[in-house]
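Visitor: So here's target.cif, just mmCIF, C-alpha atoms:
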data_query
#
loop_
_atom_site.label_atom_id
_atom_site.label_comp_id
_atom_site.auth_asym_id
_atom_site.auth_seq_id
_atom_site.Cartn_x
_atom_site.Cartn_y
_atom_site.Cartn_z
CA MET A 1 106.48 -22.79 70.34
CA THR A 2 109.34 -24.84 71.77
CA PRO A 3 111.87 -23.20 74.11
CA GLU A 4 114.51 -23.42 71.36
CA GLU A 5 112.21 -21.70 68.84
CA LYS A 6 111.39 -19.01 71.39
CA SER A 7 115.09 -18.41 72.09
CA LYS A 8 115.83 -18.15 68.38
CA GLU A 9 113.06 -15.57 68.04
CA VAL A 10 114.37 -13.64 71.08
CA SER A 11 117.94 -13.74 69.73
CA LYS A 12 116.72 -12.29 66.40
CA LEU A 13 114.88 -9.52 68.22
CA LEU A 14 117.87 -8.72 70.45
CA ALA A 15 120.10 -8.44 67.37
CA ASP A 16 117.65 -6.06 65.65
CA ASN A 17 118.54 -2.35 65.80
CA TYR A 18 114.92 -1.15 66.17
CA SER A 19 114.24 -3.65 68.97
CA GLN A 20 117.40 -2.57 70.80
CA LYS A 21 116.33 1.07 70.68
CA ILE A 22 112.79 0.29 71.86
CA LEU A 23 114.05 -1.85 74.75
CA ALA A 24 116.62 0.77 75.77
CA TYR A 25 114.13 3.66 75.80
CA THR A 26 111.42 1.71 77.66
CA TYR A 27 113.82 0.28 80.25
CA THR A 28 113.62 3.26 82.61
CA SER A 29 110.15 4.62 81.91
CA PRO A 30 107.06 3.58 79.95
CA MET A 31 106.58 5.17 76.53
CA SER A 32 103.95 5.25 73.81
CA ALA A 33 104.59 3.90 70.32
CA GLN A 34 104.32 7.43 68.94
CA LYS A 35 107.00 8.75 71.29
CA LEU A 36 109.24 5.74 70.60
CA SER A 37 108.84 6.23 66.87
CA LYS A 38 109.92 9.85 67.17
CA LEU A 39 112.81 9.31 69.63
CA CYS A 40 114.20 6.25 67.84
CA ARG A 41 113.57 7.65 64.36
CA ILE A 42 111.64 4.53 63.40
CA PRO A 43 108.70 4.67 60.98
CA ILE A 44 105.48 4.33 63.03
CA ALA A 45 104.34 1.14 61.24
CA ALA A 46 107.72 -0.53 61.85
CA CYS A 47 107.64 0.65 65.47
CA TYR A 48 104.22 -0.92 66.10
CA ARG A 49 105.28 -4.13 64.33
CA ARG A 50 108.42 -4.42 66.44
CA ILE A 51 106.52 -3.62 69.66
CA HIS A 52 104.08 -6.46 68.90
CA GLU A 53 106.97 -8.86 68.23
CA LEU A 54 108.67 -7.83 71.49
CA GLU A 55 105.36 -8.19 73.34
CA ASP A 56 104.78 -11.68 71.89
CA ALA A 57 108.29 -12.67 72.99
CA GLY A 58 107.61 -11.40 76.53
CA LEU A 59 110.34 -8.74 76.37
CA ILE A 60 108.01 -5.74 76.62
CA THR A 61 104.64 -5.25 78.28
CA ILE A 62 101.82 -2.74 78.38
CA ASP A 63 102.42 -0.74 81.54
CA GLN A 64 99.44 1.59 81.18
CA ASP A 65 96.48 1.94 78.86
CA LYS A 66 95.14 5.42 79.39
CA GLU A 67 92.54 7.66 77.84
CA VAL A 68 94.10 10.88 76.58
CA TYR A 69 91.35 12.70 74.72
CA LYS A 70 87.66 11.98 74.08
CA GLY A 71 87.96 8.21 74.21
CA ARG A 72 91.32 8.07 72.43
CA ARG A 73 93.51 5.59 74.26
CA VAL A 74 97.29 5.39 74.36
CA ARG A 75 99.26 2.35 75.47
CA MET A 76 102.47 2.90 77.38
CA TYR A 77 105.05 0.14 76.94
CA LYS A 78 107.71 -0.94 79.46
CA CYS A 79 110.74 -3.19 78.95
CA ARG A 80 110.68 -6.49 80.90
CA LEU A 81 114.21 -7.55 79.95
CA LYS A 82 116.65 -7.51 82.89
CA SER A 83 119.66 -9.01 81.15
CA ALA A 84 120.68 -11.09 78.14
CA ALA A 85 123.85 -12.94 77.19
CA ILE A 86 124.89 -15.05 74.23
CA LYS A 87 127.57 -17.63 74.95
CA PHE A 88 129.65 -19.72 72.56
CA SER A 89 131.08 -22.91 74.04
CA LYS A 90 132.07 -26.29 72.59
CA GLY A 91 130.90 -25.29 69.12
CA ARG A 92 127.41 -24.21 70.21
CA PHE A 93 125.68 -20.93 70.95
CA SER A 94 123.37 -20.51 73.90
CA LEU A 95 121.17 -17.60 74.91
CA LYS A 96 120.39 -16.71 78.51
CA PHE A 97 117.98 -13.93 79.39
CA ASP A 98 116.13 -12.77 82.48
CA VAL A 99 112.87 -10.85 82.49
CA HIS A 100 111.10 -8.84 85.15
CA PRO A 101 107.83 -10.46 86.26
CA GLU A 102 104.80 -8.92 84.60
CA ASN A 103 102.87 -6.51 86.86
CA GLY A 104 105.19 -7.25 89.79
CA ASP A 105 103.96 -10.87 90.08
CA SER A 106 107.04 -12.84 91.16
CA ASP A 107 105.17 -16.17 90.93
CA GLU A 108 104.90 -15.89 87.18
CA PRO A 109 106.12 -19.20 85.70
CA ASP A 110 107.88 -17.40 82.85
CA ALA A 111 110.04 -15.15 85.02
CA GLY A 112 113.64 -15.89 85.82
CA ASN A 113 116.53 -17.49 83.99
CA ARG A 114 116.11 -19.08 80.61
CA VAL A 115 118.96 -20.90 78.95
CA THR A 116 118.53 -22.49 75.56
CA ARG A 117 121.05 -24.01 73.18
CA LEU A 118 120.93 -22.48 69.72
CA GLY A 119 122.06 -23.94 66.45
CA THR A 120 124.14 -27.00 65.82
CA LYS A 121 127.76 -27.94 66.25
CA TYR A 122 129.98 -27.41 63.21
CA SER A 123 133.19 -29.35 62.73
#
Would you write out, as structure tokens, the structure that this file holds?
Guide:
Amino acid sequence: MTPEEKSKEVSKLLADNYSQKILAYTYTSPMSAQKLSKLCRIPIAACYRRIHELEDAGLITIDQDKEVYKGRRVRMYKCRLKSAAIKFSKGRFSLKFDVHPENGDSDEPDAGNRVTRLGTKYS
């Protein structure tokens, strides 16, 4: 996936109501999909689908994977997004977003600022 394609995917996710709720709730503390579904009033299947999309985009990560009862495991998800901004200048949109390094690893090549031009200029 090219950086422009990735930014388009991220911009779609950031504009999505379910994604916004999931990112907001997991920003301060890790949560399970079941808890997110209940708090955000999102159907569980849609919640899992959105979590996987956010995870693929690098905006959310699995913070914990713990056993809760007789081998049943629950994943706790945590938001990696620090900030995001969409800018319109000279007839073009650009998206800039920062993510927290995964697992506290500041040498991660993906961490830090990302700026990508979106779309085309219209006259």
Visitor: Please list as a list in words every residue within 6 Å of segment 21-33 of chain A, counting all atoms listed in the file and excluding residues in the same chain fewer than 4 positions away.
Guide: Ser37, Arg75, Met76, Tyr77, Lys78 and Cys79 of chain A
Visitor: Filtering to C-alpha atoms, could you give me those residues as an mmCIF file, in the frame of the given file?
Guide:
data_model
loop_
_atom_site.group_PDB
_atom_site.id
_atom_site.type_symbol
_atom_site.label_atom_id
_atom_site.label_comp_id
_atom_site.auth_asym_id
_atom_site.auth_seq_id
_atom_site.Cartn_x
_atom_site.Cartn_y
_atom_site.Cartn_z
ATOM 1 C CA SER A 37 108.840 6.230 66.870
ATOM 2 C CA ARG A 75 99.260 2.350 75.470
ATOM 3 C CA MET A 76 102.470 2.900 77.380
ATOM 4 C CA TYR A 77 105.050 0.140 76.940
ATOM 5 C CA LYS A 78 107.710 -0.940 79.460
ATOM 6 C CA CYS A 79 110.740 -3.190 78.950
#
Visitor: What is the atom CA of Met1 of chain A to atom CA of Leu81 of chain A distance in Å?
Guide: 19.6 Å
Visitor: With only C-alpha atoms as the atoms that count, which of A:Arg72, A:Asp56, A:Gln34, A:Ala84 lies nearest to Lys6 of chain A?
Guide: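 Counting only C-alpha atoms, the residue closest to Lys6 of chain A is A:Asp56.
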Visitor: Between atom CA of Phe93 of chain A and atom CA of Arg49 of chain A, what is the spacing in Å?
Guide: 27.2 Å
Visitor: Separation of atom CA of Ala15 of chain A and atom CA of Pro43 of chain A, in Å?
Guide: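 The value is 18.5 Å.
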Visitor: Could you tell me which of A:Val10, A:Cys40, A:Ser94, A:Glu4 comes closest to Leu59 of chain A if we count all atoms listed in the file?
Guide: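 Of all the options, A:Val10 lies closest to Leu59 of chain A.
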Visitor: In terms of the shortest atom-to-atom distance over all atoms listed in the file, which of A:Pro3, A:Lys87, A:Lys8, A:Leu36 is closest to Arg50 of chain A?
Guide: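 Answer, going by the shortest atom-to-atom distance: A:Leu36.
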Visitor: Please rebuild segment 24-42 of chain A with N, CA and C atoms and return the result as a PDB file, in the coordinates of the input.
Guide:
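The result, stored in out-v6.pdb:
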ATOM      1  N   ALA A  24     115.806  -0.190  75.016  1.00  0.00           N
ATOM      2  CA  ALA A  24     116.620   0.770  75.770  1.00  0.00           C
ATOM      3  C   ALA A  24     115.787   1.953  76.264  1.00  0.00           C
ATOM      4  N   TYR A  25     114.939   2.501  75.405  1.00  0.00           N
ATOM      5  CA  TYR A  25     114.130   3.660  75.800  1.00  0.00           C
ATOM      6  C   TYR A  25     113.042   3.300  76.813  1.00  0.00           C
ATOM      7  N   THR A  26     112.505   2.084  76.742  1.00  0.00           N
ATOM      8  CA  THR A  26     111.420   1.710  77.660  1.00  0.00           C
ATOM      9  C   THR A  26     111.940   1.047  78.936  1.00  0.00           C
ATOM     10  N   TYR A  27     113.246   0.920  79.065  1.00  0.00           N
ATOM     11  CA  TYR A  27     113.820   0.280  80.250  1.00  0.00           C
ATOM     12  C   TYR A  27     113.569   1.110  81.515  1.00  0.00           C
ATOM     13  N   THR A  28     113.743   2.412  81.422  1.00  0.00           N
ATOM     14  CA  THR A  28     113.620   3.260  82.610  1.00  0.00           C
ATOM     15  C   THR A  28     112.228   3.824  82.831  1.00  0.00           C
ATOM     16  N   SER A  29     111.506   4.085  81.738  1.00  0.00           N
ATOM     17  CA  SER A  29     110.150   4.620  81.910  1.00  0.00           C
ATOM     18  C   SER A  29     109.266   4.200  80.741  1.00  0.00           C
ATOM     19  N   PRO A  30     107.985   3.977  81.011  1.00  0.00           N
ATOM     20  CA  PRO A  30     107.060   3.580  79.950  1.00  0.00           C
ATOM     21  C   PRO A  30     106.918   4.660  78.890  1.00  0.00           C
ATOM     22  N   MET A  31     106.735   4.230  77.646  1.00  0.00           N
ATOM     23  CA  MET A  31     106.580   5.170  76.530  1.00  0.00           C
ATOM     24  C   MET A  31     105.544   4.660  75.551  1.00  0.00           C
ATOM     25  N   SER A  32     104.920   5.593  74.855  1.00  0.00           N
ATOM     26  CA  SER A  32     103.950   5.250  73.810  1.00  0.00           C
ATOM     27  C   SER A  32     104.698   4.916  72.518  1.00  0.00           C
ATOM     28  N   ALA A  33     104.003   4.232  71.621  1.00  0.00           N
ATOM     29  CA  ALA A  33     104.590   3.900  70.320  1.00  0.00           C
ATOM     30  C   ALA A  33     104.929   5.171  69.543  1.00  0.00           C
ATOM     31  N   GLN A  34     104.070   6.180  69.654  1.00  0.00           N
ATOM     32  CA  GLN A  34     104.320   7.430  68.940  1.00  0.00           C
ATOM     33  C   GLN A  34     105.606   8.102  69.420  1.00  0.00           C
ATOM     34  N   LYS A  35     105.791   8.126  70.738  1.00  0.00           N
ATOM     35  CA  LYS A  35     107.000   8.750  71.290  1.00  0.00           C
ATOM     36  C   LYS A  35     108.241   7.930  70.912  1.00  0.00           C
ATOM     37  N   LEU A  36     108.121   6.601  70.984  1.00  0.00           N
ATOM     38  CA  LEU A  36     109.240   5.740  70.600  1.00  0.00           C
ATOM     39  C   LEU A  36     109.614   5.935  69.138  1.00  0.00           C
ATOM     40  N   SER A  37     108.606   6.021  68.296  1.00  0.00           N
ATOM     41  CA  SER A  37     108.840   6.230  66.870  1.00  0.00           C
ATOM     42  C   SER A  37     109.637   7.515  66.637  1.00  0.00           C
ATOM     43  N   LYS A  38     109.252   8.551  67.330  1.00  0.00           N
ATOM     44  CA  LYS A  38     109.920   9.850  67.170  1.00  0.00           C
ATOM     45  C   LYS A  38     111.345   9.819  67.749  1.00  0.00           C
ATOM     46  N   LEU A  39     111.494   9.333  68.983  1.00  0.00           N
ATOM     47  CA  LEU A  39     112.810   9.310  69.630  1.00  0.00           C
ATOM     48  C   LEU A  39     113.810   8.401  68.908  1.00  0.00           C
ATOM     49  N   CYS A  40     113.319   7.240  68.472  1.00  0.00           N
ATOM     50  CA  CYS A  40     114.200   6.250  67.840  1.00  0.00           C
ATOM     51  C   CYS A  40     114.358   6.462  66.341  1.00  0.00           C
ATOM     52  N   ARG A  41     113.567   7.401  65.800  1.00  0.00           N
ATOM     53  CA  ARG A  41     113.570   7.650  64.360  1.00  0.00           C
ATOM     54  C   ARG A  41     113.243   6.377  63.575  1.00  0.00           C
ATOM     55  N   ILE A  42     112.149   5.746  64.025  1.00  0.00           N
ATOM     56  CA  ILE A  42     111.640   4.530  63.400  1.00  0.00           C
ATOM     57  C   ILE A  42     110.291   4.865  62.784  1.00  0.00           C
TER      58      ILE A  42
END
